[in-house]
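Q: Here it is, the structure in full.
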Amino acid sequence: MIATNTNNSARLTRTETMMETAFRESQLVGRSIEKQELMELILNKGSQQLELISICGMGGLGKTTLVKYVYQSQELSGNFDKRACVTVKRPFDRDDLLSSLAMQLHDRQKEGVESSLSSLLERKKYIIVLDDISSTREWDDIRQQFPPTERSRIIVTTREENIAKHCSQKDENIHKLRILEDKDARDLFTKKCYFNSSFIMAWWVFGQTIDLYKKYPELVEEAQSILKKCGGLPLAIVTIGGFLAKQQKTPAEWRKLNDHISAELEMNPELGLIKNILIKSYGGLPYHLKSCFLYLSTFPEDYNISRRRLVQRWIAEGYSSEVRGKSQEEIADSYFMDLIDRSMILPSRKLIGYSSNTKDKVRHVAISSNWEGDKSEFESAIDLAHIRSLTVFAEWRPFFISKKMRLLRVLDLEGTKGLVDHHLEHIGRLLHLKYVSLKRCDEIYHLPDSWGNLRQLQTLDIKGTRICHLPKAITKLTKLQYLFGGELGPLCVNENDRLPDDLPKLCGACCAPQLLKDVEGMAGDPNRNDVCSFWCHVVFPTLASRRLDPYGVVVPKGIWKLKSLRTLGVMNIAGGSGKAMLRDMRKLTQLRKLAVRGINQENCKELCSTLADLSRVESMSLRSSGNESGLHGCLDGLSTPPKNLQSLKLYGKLIKLPEWIGGLQSLVKLVLEETRLMEVDGTMQVLGKLPNLAILRLRLEPLLMGGEHRRLSFHRGVFPSLMVLHLHYIKDLDSVEFVAESTPKLEVLCFCTYAKGAKDRMFSGLTDLPRIKEFILDNFGYKVGFLKDLQEQLAGNQNGPVLKRCNEEELG
């Protein structure tokens, strides 16, 4: 009987161990790659020294779960003489932390915490886990207590990337944990919703799982909504899934959580962990970043916020100021990157915001796309006299602008539908405006002269509108720093520069407004002034200069008065006034970013002379006017390019790369589109020697290669800093070859072409790229042989790169 009990106890112990292992495995859904990478870093026999490994990412990503799983794994048992794992408490207490480590390392007999810890680890191979380091000071306070014993490991988890870099210093020892992909998020959610011992054991031992969508199709819609709110965050998925596991599996029950998730997070103790993590993350922000973070609430749920838009608005709100020679934009940009480093916002992911429904002290108003109220409801909901920013996501209503908005500083109308020219007149009365965006308002053709009153304006974004001429009044805006325009072009101009078919209606509409409803191309709510303005300021000036590139903006004489301009784009110099514009532009000595269209043989000499004077320019985009010669020979006259140039984009036929490009030591990003370069090998050798080039994009026939075999070759020792390579629609390309020890830092390779242009075994050498993480295609409609070869090469790369698909817009 005793033996039987012993056996039963042994079986029970084994079962409990298996259950515990299975449970921990279930928590690591979607983390198999990270788990393997961390294990390899720890067990790396090629390193004979102490290695400091950092895992970083936002709260709730599962850093602690991952690290503790690996720390407790069987693979590590017996590999280290000493081991300890401790969570750093708040407030930080150095002595308490070292004491906790010493207790785990069984050194209770010696006096003096510091000496006992260091002496205990001396000449011992050890592994130490420090969970949740929150500042570089904390690490610096304890760093010296760990002797540099050979093949020992210290693992640090932290929310901030800059702390991870400070601790580890080696890029290869830093791992930034990402949110879960959609499939992994769904799998984890399913496991938590069905959590019980038999299910976990079945999943772990037999690989069985339950397809939530097949078993409960009526829950699919609610499940998808819940997962969307979780945003790929394991903590949120696990906590909410565990909560739902105890509820009835009915749409009504799950919809109740969906509809009242904010209240549930506030009141339900089972979901309190999510709230605590969020509070802790927010509480750890310095004051200036708290304001920036809360400002995200202006935008609606699931809205993708561009970096530039956010930074420019922060500047207008006064969240940044010049410090020690750094501009407001550089400071605000550093805030943006700081929030990313702290994992408070995610790059290229959608951010979630909220809107206030209380009238008291409302400063920032966002009108959602589904709002259907009237003027009285709008004016009664908020005190218009106190608002500082207005963002419109809804269809335009004239009452959105009021003379009561005397303190308005930010007016963001990006993408607003139904907005036409005459709606803009009253905006000129809002004298405190610092930021105005009409971006992608494609029914706007002209800015009124009244905007010359906006003397405080710092940012004006008219990119994606139909505006092709700026009014003379723009030269009064002496505080303007950022001017964005171009891209879309007026509807009235086509490739043949012919008069529109509805010319009689357009002309007659000035005198007979009832004809407006029949005029093509005039959407929204145009009036007589809109049509006259459209005709006088757009059609006639454009047709007067038949070579004018319709996708740039012509600036008026006197633009030199805008001495504060740091960004100017896109300026159109194709017309007769192009040379005069260039001469004016030479006086804009503060320019950092410049985009110019309409370059041709007649204006290129003046352009080169102007660019030589703009010594502070860091980013340049140059596009030809579309004629046969393109940029060929146009840029050769630039003998002294801006020495601080970091980004260069060239659009148009070049034939030969200008010699000065080889001397751009600070260049980080280079884009070549439609350049048709003849000497491909020589071009790649020149570009391959640029020491800081990190992003290279070759797009739309940039290379016109001779010979029977048209290939791109990346030779040994070239492109030492290249991290991202885009190869888009390169005509007649046969092969892309990576020789061993070329592009040592390449992480992302994007490839787009027509399906028939992708040949079997087109790429070679992918197995030798030491840092490659992703190979991105625009679609998976390529031939089976092409895809199979890519997959085999990537599978043979020890870095474990993935093959992904993105649409053209995501690829940029």
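Letters A, B, ... mark the chains of the structure tokens in the order given; residue numbers begin at 1 per chain; ligand numbers begin at 1, in order shown.
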Any idea what's packed within 12 Å of range 96-105 of chain A, counting only C-alpha atoms, ignoring anything in its chain fewer than 6 positions away? Could you give it as a PyMOL selection string?
A: chain A and resi 81-90+111-121+124+126-131+133+138-139+141-146
Q: Residues as selected, C-alpha atoms, written as a CSV table (one decimal), in the first residue's frame, can you do that?
A:
chain,number,residue,atom,x,y,z
A,81,ASP,CA,26.6,27.2,-11.3
A,82,LYS,CA,24.5,30.0,-9.9
A,83,ARG,CA,21.1,31.4,-10.8
A,84,ALA,CA,18.7,34.0,-9.5
A,85,CYS,CA,15.7,35.9,-10.8
A,86,VAL,CA,14.3,39.1,-9.2
A,87,THR,CA,11.8,41.7,-10.1
A,88,VAL,CA,12.9,45.3,-9.5
A,89,LYS,CA,10.6,46.9,-7.0
A,90,ARG,CA,9.3,50.5,-6.9
A,111,GLU,CA,28.0,40.0,6.3
A,112,GLY,CA,27.9,42.9,3.9
A,113,VAL,CA,25.5,42.6,1.1
A,114,GLU,CA,27.8,44.0,-1.6
A,115,SER,CA,30.8,41.8,-0.8
A,116,SER,CA,28.7,38.7,-0.3
A,117,LEU,CA,27.1,39.0,-3.7
A,118,SER,CA,30.3,39.7,-5.7
A,119,SER,CA,32.3,37.1,-3.8
A,120,LEU,CA,29.5,34.6,-4.3
A,121,LEU,CA,29.6,35.0,-8.0
A,124,LYS,CA,31.2,31.0,-11.0
A,126,TYR,CA,26.0,32.4,-13.4
A,127,ILE,CA,22.7,33.5,-14.9
A,128,ILE,CA,20.8,36.5,-13.4
A,129,VAL,CA,17.4,37.8,-14.4
A,130,LEU,CA,16.6,41.4,-13.5
A,131,ASP,CA,12.9,42.0,-14.4
A,133,ILE,CA,14.5,47.8,-15.0
A,138,GLU,CA,19.2,51.6,-11.6
A,139,TRP,CA,21.4,49.5,-13.9
A,141,ASP,CA,23.9,51.4,-9.4
A,142,ILE,CA,24.2,47.6,-9.5
A,143,ARG,CA,26.3,46.9,-12.6
A,144,GLN,CA,29.6,46.6,-10.7
A,145,GLN,CA,28.3,43.9,-8.4
A,146,PHE,CA,28.4,41.3,-11.1
Q: Using DSSP secondary structure from the backbone, list all helix (DSSP H, G or I) positions within range 613-738 of chain A, as a list of chain:residue names.
A: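 The residues of range 613-738 of chain A classed as helix (DSSP H, G or I) are A:Asp613, A:Glu659, A:Trp660, A:Ile661, A:Gly662, A:Gly663, A:Val680, A:Asp681, A:Gly682, A:Thr683, A:Met684, A:Gln685, A:Val686, A:Leu687, A:Gly688.
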Q: Would you save the residues from that selection as a short mmCIF file (atom, residue, chain, number, x, y, z; two decimals), in the first residue's frame, using all heavy atoms?
A:
data_model
loop_
_atom_site.label_atom_id
_atom_site.label_comp_id
_atom_site.auth_asym_id
_atom_site.auth_seq_id
_atom_site.Cartn_x
_atom_site.Cartn_y
_atom_site.Cartn_z
N ASP A 613 23.61 77.29 -52.50
CA ASP A 613 23.51 78.30 -51.44
C ASP A 613 22.75 77.80 -50.22
O ASP A 613 22.85 78.38 -49.14
CB ASP A 613 22.81 79.56 -51.98
CG ASP A 613 23.71 80.36 -52.92
OD1 ASP A 613 24.93 80.11 -52.91
OD2 ASP A 613 23.19 81.21 -53.65
N GLU A 659 28.20 62.94 -60.24
CA GLU A 659 29.40 62.56 -59.49
C GLU A 659 29.32 62.95 -58.02
O GLU A 659 29.86 62.26 -57.15
CB GLU A 659 30.64 63.19 -60.14
CG GLU A 659 30.98 62.60 -61.50
CD GLU A 659 32.26 63.18 -62.07
OE1 GLU A 659 32.92 63.95 -61.33
OE2 GLU A 659 32.61 62.86 -63.22
N TRP A 660 28.64 64.06 -57.73
CA TRP A 660 28.62 64.54 -56.34
C TRP A 660 27.89 63.61 -55.39
O TRP A 660 28.08 63.68 -54.18
CB TRP A 660 28.05 65.95 -56.27
CG TRP A 660 26.72 66.16 -56.94
CD1 TRP A 660 26.48 66.60 -58.21
CD2 TRP A 660 25.41 65.93 -56.37
NE1 TRP A 660 25.14 66.68 -58.49
CE2 TRP A 660 24.46 66.27 -57.36
CE3 TRP A 660 24.96 65.48 -55.13
CZ2 TRP A 660 23.08 66.17 -57.15
CZ3 TRP A 660 23.58 65.38 -54.91
CH2 TRP A 660 22.67 65.72 -55.91
N ILE A 661 27.05 62.72 -55.92
CA ILE A 661 26.32 61.79 -55.04
C ILE A 661 27.30 60.87 -54.31
O ILE A 661 27.09 60.50 -53.15
CB ILE A 661 25.31 60.98 -55.86
CG1 ILE A 661 24.15 61.89 -56.30
CG2 ILE A 661 24.76 59.80 -55.04
CD1 ILE A 661 23.07 61.19 -57.09
N GLY A 662 28.39 60.52 -54.95
CA GLY A 662 29.39 59.66 -54.31
C GLY A 662 30.07 60.30 -53.12
O GLY A 662 30.71 59.60 -52.32
N GLY A 663 29.94 61.61 -52.96
CA GLY A 663 30.56 62.31 -51.83
C GLY A 663 29.62 62.63 -50.69
O GLY A 663 30.00 63.32 -49.74
N VAL A 680 24.94 50.08 -64.64
CA VAL A 680 24.40 49.57 -63.38
C VAL A 680 25.49 49.15 -62.41
O VAL A 680 25.43 49.46 -61.22
CB VAL A 680 23.41 48.41 -63.66
CG1 VAL A 680 24.07 47.27 -64.41
CG2 VAL A 680 22.80 47.92 -62.36
N ASP A 681 26.51 48.43 -62.88
CA ASP A 681 27.56 47.98 -61.98
C ASP A 681 28.32 49.15 -61.38
O ASP A 681 28.62 49.18 -60.19
CB ASP A 681 28.53 47.05 -62.72
CG ASP A 681 27.90 45.69 -63.00
OD1 ASP A 681 27.00 45.30 -62.23
OD2 ASP A 681 28.31 45.03 -63.98
N GLY A 682 28.65 50.13 -62.22
CA GLY A 682 29.35 51.31 -61.72
C GLY A 682 28.51 52.09 -60.74
O GLY A 682 29.01 52.58 -59.71
N THR A 683 27.20 52.18 -61.02
CA THR A 683 26.29 52.88 -60.10
C THR A 683 26.25 52.19 -58.75
O THR A 683 26.33 52.83 -57.69
CB THR A 683 24.87 52.92 -60.71
OG1 THR A 683 24.88 53.69 -61.90
CG2 THR A 683 23.88 53.53 -59.73
N MET A 684 26.12 50.86 -58.74
CA MET A 684 26.04 50.12 -57.48
C MET A 684 27.34 50.21 -56.70
O MET A 684 27.35 50.20 -55.47
CB MET A 684 25.68 48.66 -57.76
CG MET A 684 24.31 48.48 -58.43
SD MET A 684 22.94 49.22 -57.51
CE MET A 684 22.77 48.03 -56.20
N GLN A 685 28.47 50.29 -57.39
CA GLN A 685 29.74 50.43 -56.69
C GLN A 685 29.84 51.78 -56.00
O GLN A 685 30.32 51.88 -54.87
CB GLN A 685 30.89 50.26 -57.69
CG GLN A 685 31.10 48.83 -58.16
CD GLN A 685 32.24 48.69 -59.15
OE1 GLN A 685 33.07 49.59 -59.27
NE2 GLN A 685 32.29 47.57 -59.85
N VAL A 686 29.38 52.84 -56.70
CA VAL A 686 29.40 54.18 -56.10
C VAL A 686 28.49 54.24 -54.87
O VAL A 686 28.88 54.70 -53.79
CB VAL A 686 28.98 55.25 -57.13
CG1 VAL A 686 28.77 56.61 -56.45
CG2 VAL A 686 30.02 55.37 -58.22
N LEU A 687 27.26 53.74 -55.03
CA LEU A 687 26.31 53.78 -53.93
C LEU A 687 26.75 52.86 -52.79
O LEU A 687 26.52 53.16 -51.61
CB LEU A 687 24.92 53.35 -54.43
CG LEU A 687 24.29 54.23 -55.52
CD1 LEU A 687 22.90 53.72 -55.88
CD2 LEU A 687 24.23 55.68 -55.10
N GLY A 688 27.38 51.76 -53.14
CA GLY A 688 27.81 50.80 -52.12
C GLY A 688 28.88 51.33 -51.19
O GLY A 688 29.11 50.77 -50.12
#
Q: Expressed in Å to a single decimal, how great is the separation between CA of Gln665 in chain A and CA of Ser306 in chain A?
A: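 Rounded to one decimal, the two atoms are 28.8 Å apart.
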Q: Skip Leu638 in chain A itself and residues of its chain fewer than 2 positions away, then list as a JSON list (two decimals) with all heavy atoms, in the first residue's frame all residues within 8 Å of it, counting only C-alpha atoms.
A:
[["chain", "number", "residue", "atom", "x", "y", "z"],
["A", 608, "CYS", "N", 20.75, 74.56, -59.75],
["A", 608, "CYS", "CA", 22.03, 74.13, -59.15],
["A", 608, "CYS", "C", 22.66, 75.27, -58.36],
["A", 608, "CYS", "O", 23.23, 75.05, -57.28],
["A", 608, "CYS", "CB", 22.97, 73.64, -60.24],
["A", 608, "CYS", "SG", 22.48, 72.08, -61.00],
["A", 609, "SER", "N", 22.59, 76.47, -58.88],
["A", 609, "SER", "CA", 23.15, 77.62, -58.18],
["A", 609, "SER", "C", 22.43, 77.87, -56.87],
["A", 609, "SER", "O", 23.05, 78.18, -55.84],
["A", 609, "SER", "CB", 23.05, 78.86, -59.08],
["A", 609, "SER", "OG", 23.58, 79.99, -58.43],
["A", 611, "LEU", "N", 20.68, 75.56, -55.05],
["A", 611, "LEU", "CA", 20.95, 74.46, -54.12],
["A", 611, "LEU", "C", 22.31, 74.60, -53.45],
["A", 611, "LEU", "O", 22.50, 74.22, -52.30],
["A", 611, "LEU", "CB", 20.87, 73.12, -54.85],
["A", 611, "LEU", "CG", 19.49, 72.72, -55.39],
["A", 611, "LEU", "CD1", 19.56, 71.38, -56.12],
["A", 611, "LEU", "CD2", 18.46, 72.65, -54.27],
["A", 612, "ALA", "N", 23.27, 75.15, -54.17],
["A", 612, "ALA", "CA", 24.61, 75.35, -53.61],
["A", 612, "ALA", "C", 24.58, 76.35, -52.46],
["A", 612, "ALA", "O", 25.40, 76.28, -51.54],
["A", 612, "ALA", "CB", 25.57, 75.82, -54.70],
["A", 635, "LEU", "N", 21.65, 68.01, -63.20],
["A", 635, "LEU", "CA", 22.21, 68.10, -61.86],
["A", 635, "LEU", "C", 23.73, 68.09, -61.85],
["A", 635, "LEU", "O", 24.34, 68.15, -60.78],
["A", 635, "LEU", "CB", 21.67, 66.95, -60.99],
["A", 635, "LEU", "CG", 20.15, 66.86, -60.90],
["A", 635, "LEU", "CD1", 19.74, 65.66, -60.04],
["A", 635, "LEU", "CD2", 19.56, 68.13, -60.31],
["A", 636, "ASP", "N", 24.34, 68.01, -63.01],
["A", 636, "ASP", "CA", 25.80, 67.95, -63.07],
["A", 636, "ASP", "C", 26.45, 69.26, -62.65],
["A", 636, "ASP", "O", 27.61, 69.28, -62.25],
["A", 636, "ASP", "CB", 26.25, 67.59, -64.50],
["A", 636, "ASP", "CG", 25.83, 66.18, -64.89],
["A", 636, "ASP", "OD1", 25.58, 65.37, -63.97],
["A", 636, "ASP", "OD2", 25.76, 65.89, -66.09],
["A", 640, "THR", "N", 28.83, 71.75, -55.31],
["A", 640, "THR", "CA", 28.92, 71.67, -53.84],
["A", 640, "THR", "C", 27.54, 71.42, -53.27],
["A", 640, "THR", "O", 26.83, 72.36, -52.88],
["A", 640, "THR", "CB", 29.51, 72.96, -53.25],
["A", 640, "THR", "OG1", 28.71, 74.08, -53.70],
["A", 640, "THR", "CG2", 30.95, 73.15, -53.66],
["A", 641, "PRO", "N", 27.10, 70.15, -53.21],
["A", 641, "PRO", "CA", 25.78, 69.84, -52.66],
["A", 641, "PRO", "C", 25.76, 70.11, -51.16],
["A", 641, "PRO", "O", 26.81, 70.18, -50.52],
["A", 641, "PRO", "CB", 25.63, 68.34, -52.95],
["A", 641, "PRO", "CG", 27.02, 67.83, -53.01],
["A", 641, "PRO", "CD", 27.84, 68.94, -53.60],
["A", 660, "TRP", "N", 28.64, 64.06, -57.73],
["A", 660, "TRP", "CA", 28.62, 64.54, -56.34],
["A", 660, "TRP", "C", 27.89, 63.61, -55.39],
["A", 660, "TRP", "O", 28.08, 63.68, -54.18],
["A", 660, "TRP", "CB", 28.05, 65.95, -56.27],
["A", 660, "TRP", "CG", 26.72, 66.16, -56.94],
["A", 660, "TRP", "CD1", 26.48, 66.60, -58.21],
["A", 660, "TRP", "CD2", 25.41, 65.93, -56.37],
["A", 660, "TRP", "NE1", 25.14, 66.68, -58.49],
["A", 660, "TRP", "CE2", 24.46, 66.27, -57.36],
["A", 660, "TRP", "CE3", 24.96, 65.48, -55.13],
["A", 660, "TRP", "CZ2", 23.08, 66.17, -57.15],
["A", 660, "TRP", "CZ3", 23.58, 65.38, -54.91],
["A", 660, "TRP", "CH2", 22.67, 65.72, -55.91]]
Q: DSSP on the backbone, then: every residue of range 264-424 of chain A marked strand (DSSP E or B), written as JSON, numbers by chain.
A: {"A": [303, 323, 326, 351, 364, 365, 366, 367, 389, 390, 391, 392, 410, 411, 412]}
Q: Could you name the residues that touch Ile179 in chain A at 9 Å or less, counting only C-alpha atoms, but leaving out those on the same chain fewer than 2 positions away, as a short mmCIF file (atom, residue, chain, number, x, y, z; two decimals) with N, CA, C and O atoms, in the first residue's frame?
A:
data_model
loop_
_atom_site.label_atom_id
_atom_site.label_comp_id
_atom_site.auth_asym_id
_atom_site.auth_seq_id
_atom_site.Cartn_x
_atom_site.Cartn_y
_atom_site.Cartn_z
N GLY A 57 9.97 46.17 -24.47
CA GLY A 57 8.64 46.23 -25.08
C GLY A 57 7.65 46.80 -24.09
O GLY A 57 7.90 46.88 -22.88
N MET A 58 6.49 47.19 -24.59
CA MET A 58 5.49 47.84 -23.75
C MET A 58 4.95 46.88 -22.69
O MET A 58 5.07 45.65 -22.81
N LEU A 61 3.23 42.90 -22.86
CA LEU A 61 3.63 42.12 -24.04
C LEU A 61 4.09 40.71 -23.70
O LEU A 61 4.21 39.87 -24.57
N LEU A 177 10.38 43.06 -28.15
CA LEU A 177 9.22 42.18 -28.27
C LEU A 177 8.10 42.93 -28.99
O LEU A 177 7.83 44.10 -28.71
N GLU A 181 0.81 38.70 -33.91
CA GLU A 181 0.13 38.70 -35.20
C GLU A 181 -1.31 38.24 -34.99
O GLU A 181 -1.65 37.63 -33.97
N ALA A 185 -2.82 35.94 -31.98
CA ALA A 185 -3.72 36.58 -31.02
C ALA A 185 -5.01 35.78 -30.89
O ALA A 185 -5.53 35.55 -29.79
N GLY A 231 -5.62 44.71 -29.41
CA GLY A 231 -4.49 45.23 -30.18
C GLY A 231 -3.26 44.34 -30.18
O GLY A 231 -2.14 44.84 -30.28
N GLY A 232 -3.44 43.03 -30.08
CA GLY A 232 -2.29 42.12 -30.12
C GLY A 232 -1.50 42.07 -28.83
O GLY A 232 -0.40 41.49 -28.80
N LEU A 233 -2.03 42.65 -27.75
CA LEU A 233 -1.33 42.68 -26.46
C LEU A 233 -1.67 41.43 -25.67
O LEU A 233 -2.82 41.24 -25.26
N PRO A 234 -0.68 40.55 -25.41
CA PRO A 234 -0.97 39.28 -24.74
C PRO A 234 -1.66 39.45 -23.38
O PRO A 234 -2.56 38.68 -23.06
#
Q: Quick one: everything within 9 Å of Val365 in chain A, counting only C-alpha atoms, minus sequence neighbours fewer than 2 positions away in the same chain. Send it as a ChimeraX atom specification.
A: /A:298,355-356,362-363,367,382,387-392
Q: Take the residues just selected and output them with C-alpha atoms as a PDB file, in the first residue's frame.
A:
ATOM      1  CA  THR A 298      -8.049  63.735 -30.168  1.00  0.00           C
ATOM      2  CA  SER A 355     -13.389  62.091 -27.121  1.00  0.00           C
ATOM      3  CA  SER A 356     -14.847  64.035 -24.225  1.00  0.00           C
ATOM      4  CA  VAL A 362     -13.026  71.345 -23.289  1.00  0.00           C
ATOM      5  CA  ARG A 363      -9.849  72.344 -25.111  1.00  0.00           C
ATOM      6  CA  ILE A 367     -15.906  65.634 -34.725  1.00  0.00           C
ATOM      7  CA  ILE A 382     -19.134  72.846 -26.023  1.00  0.00           C
ATOM      8  CA  ILE A 387     -11.310  75.308 -27.653  1.00  0.00           C
ATOM      9  CA  ARG A 388      -7.683  75.193 -28.790  1.00  0.00           C
ATOM     10  CA  SER A 389      -7.885  72.525 -31.493  1.00  0.00           C
ATOM     11  CA  LEU A 390     -10.576  71.378 -33.910  1.00  0.00           C
ATOM     12  CA  THR A 391     -10.226  68.135 -35.874  1.00  0.00           C
ATOM     13  CA  VAL A 392     -12.927  67.129 -38.353  1.00  0.00           C
TER      14      VAL A 392
END
Q: So the first atom is CA of Leu454 in chain A and the second is CA of Leu431 in chain A; what is the distance between them in Å, to one decimal place?
A: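 Answer for the CA of Leu454 in chain A to CA of Leu431 in chain A separation: 5.2 Å.
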Q: What's the 8 Å shell around Gln458 in chain A, counting only C-alpha atoms, without same-chain residues fewer than 2 positions away, as a PyMOL selection string?
A: chain A and resi 316+434-435+456+460+479-482
Q: Have a look at A:Leu631, A:Leu257, A:Leu180, A:Ile237 and name the one nearest to Lys605 in chain A; count only C-alpha atoms.
A: A:Leu631
Q: Using only C-alpha atoms, which residue out of A:Pro448, A:Pro720, A:Gly428, A:Gly796 lies closest to Lys403 in chain A?
A: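 Distance minimum relative to Lys403 in chain A lands on A:Gly428.
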Q: I'd like to know which of A:Lys563, A:Asp184, A:Arg313, A:Pro251 is closest to Pro217 in chain A, using only C-alpha atoms.
A: A:Pro251
Q: Would you kindly return, as an NGL selection string, each protein, DNA or RNA residue with an atom no farther than 7 Å from any atom of range 645-656 of chain A, considering only C-alpha atoms and excluding same-chain residues fewer than 5 positions away?
A: :A and (617-624 or 629-632 or 664 or 666-678)
Q: For a test of reading the model, state the distance in Å between CA of Ile279 in chain A and CA of His386 in chain A, rounded to one decimal.
A: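 Separation of CA of Ile279 in chain A and CA of His386 in chain A: 28.6 Å.
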Q: Return the single residue from A:Glu602, A:Asp449, A:Asp778, A:Glu317 that is closest to Ser577 in chain A, with distances computed using only C-alpha atoms.
A: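 Smallest separation from Ser577 in chain A among the options: A:Glu602.
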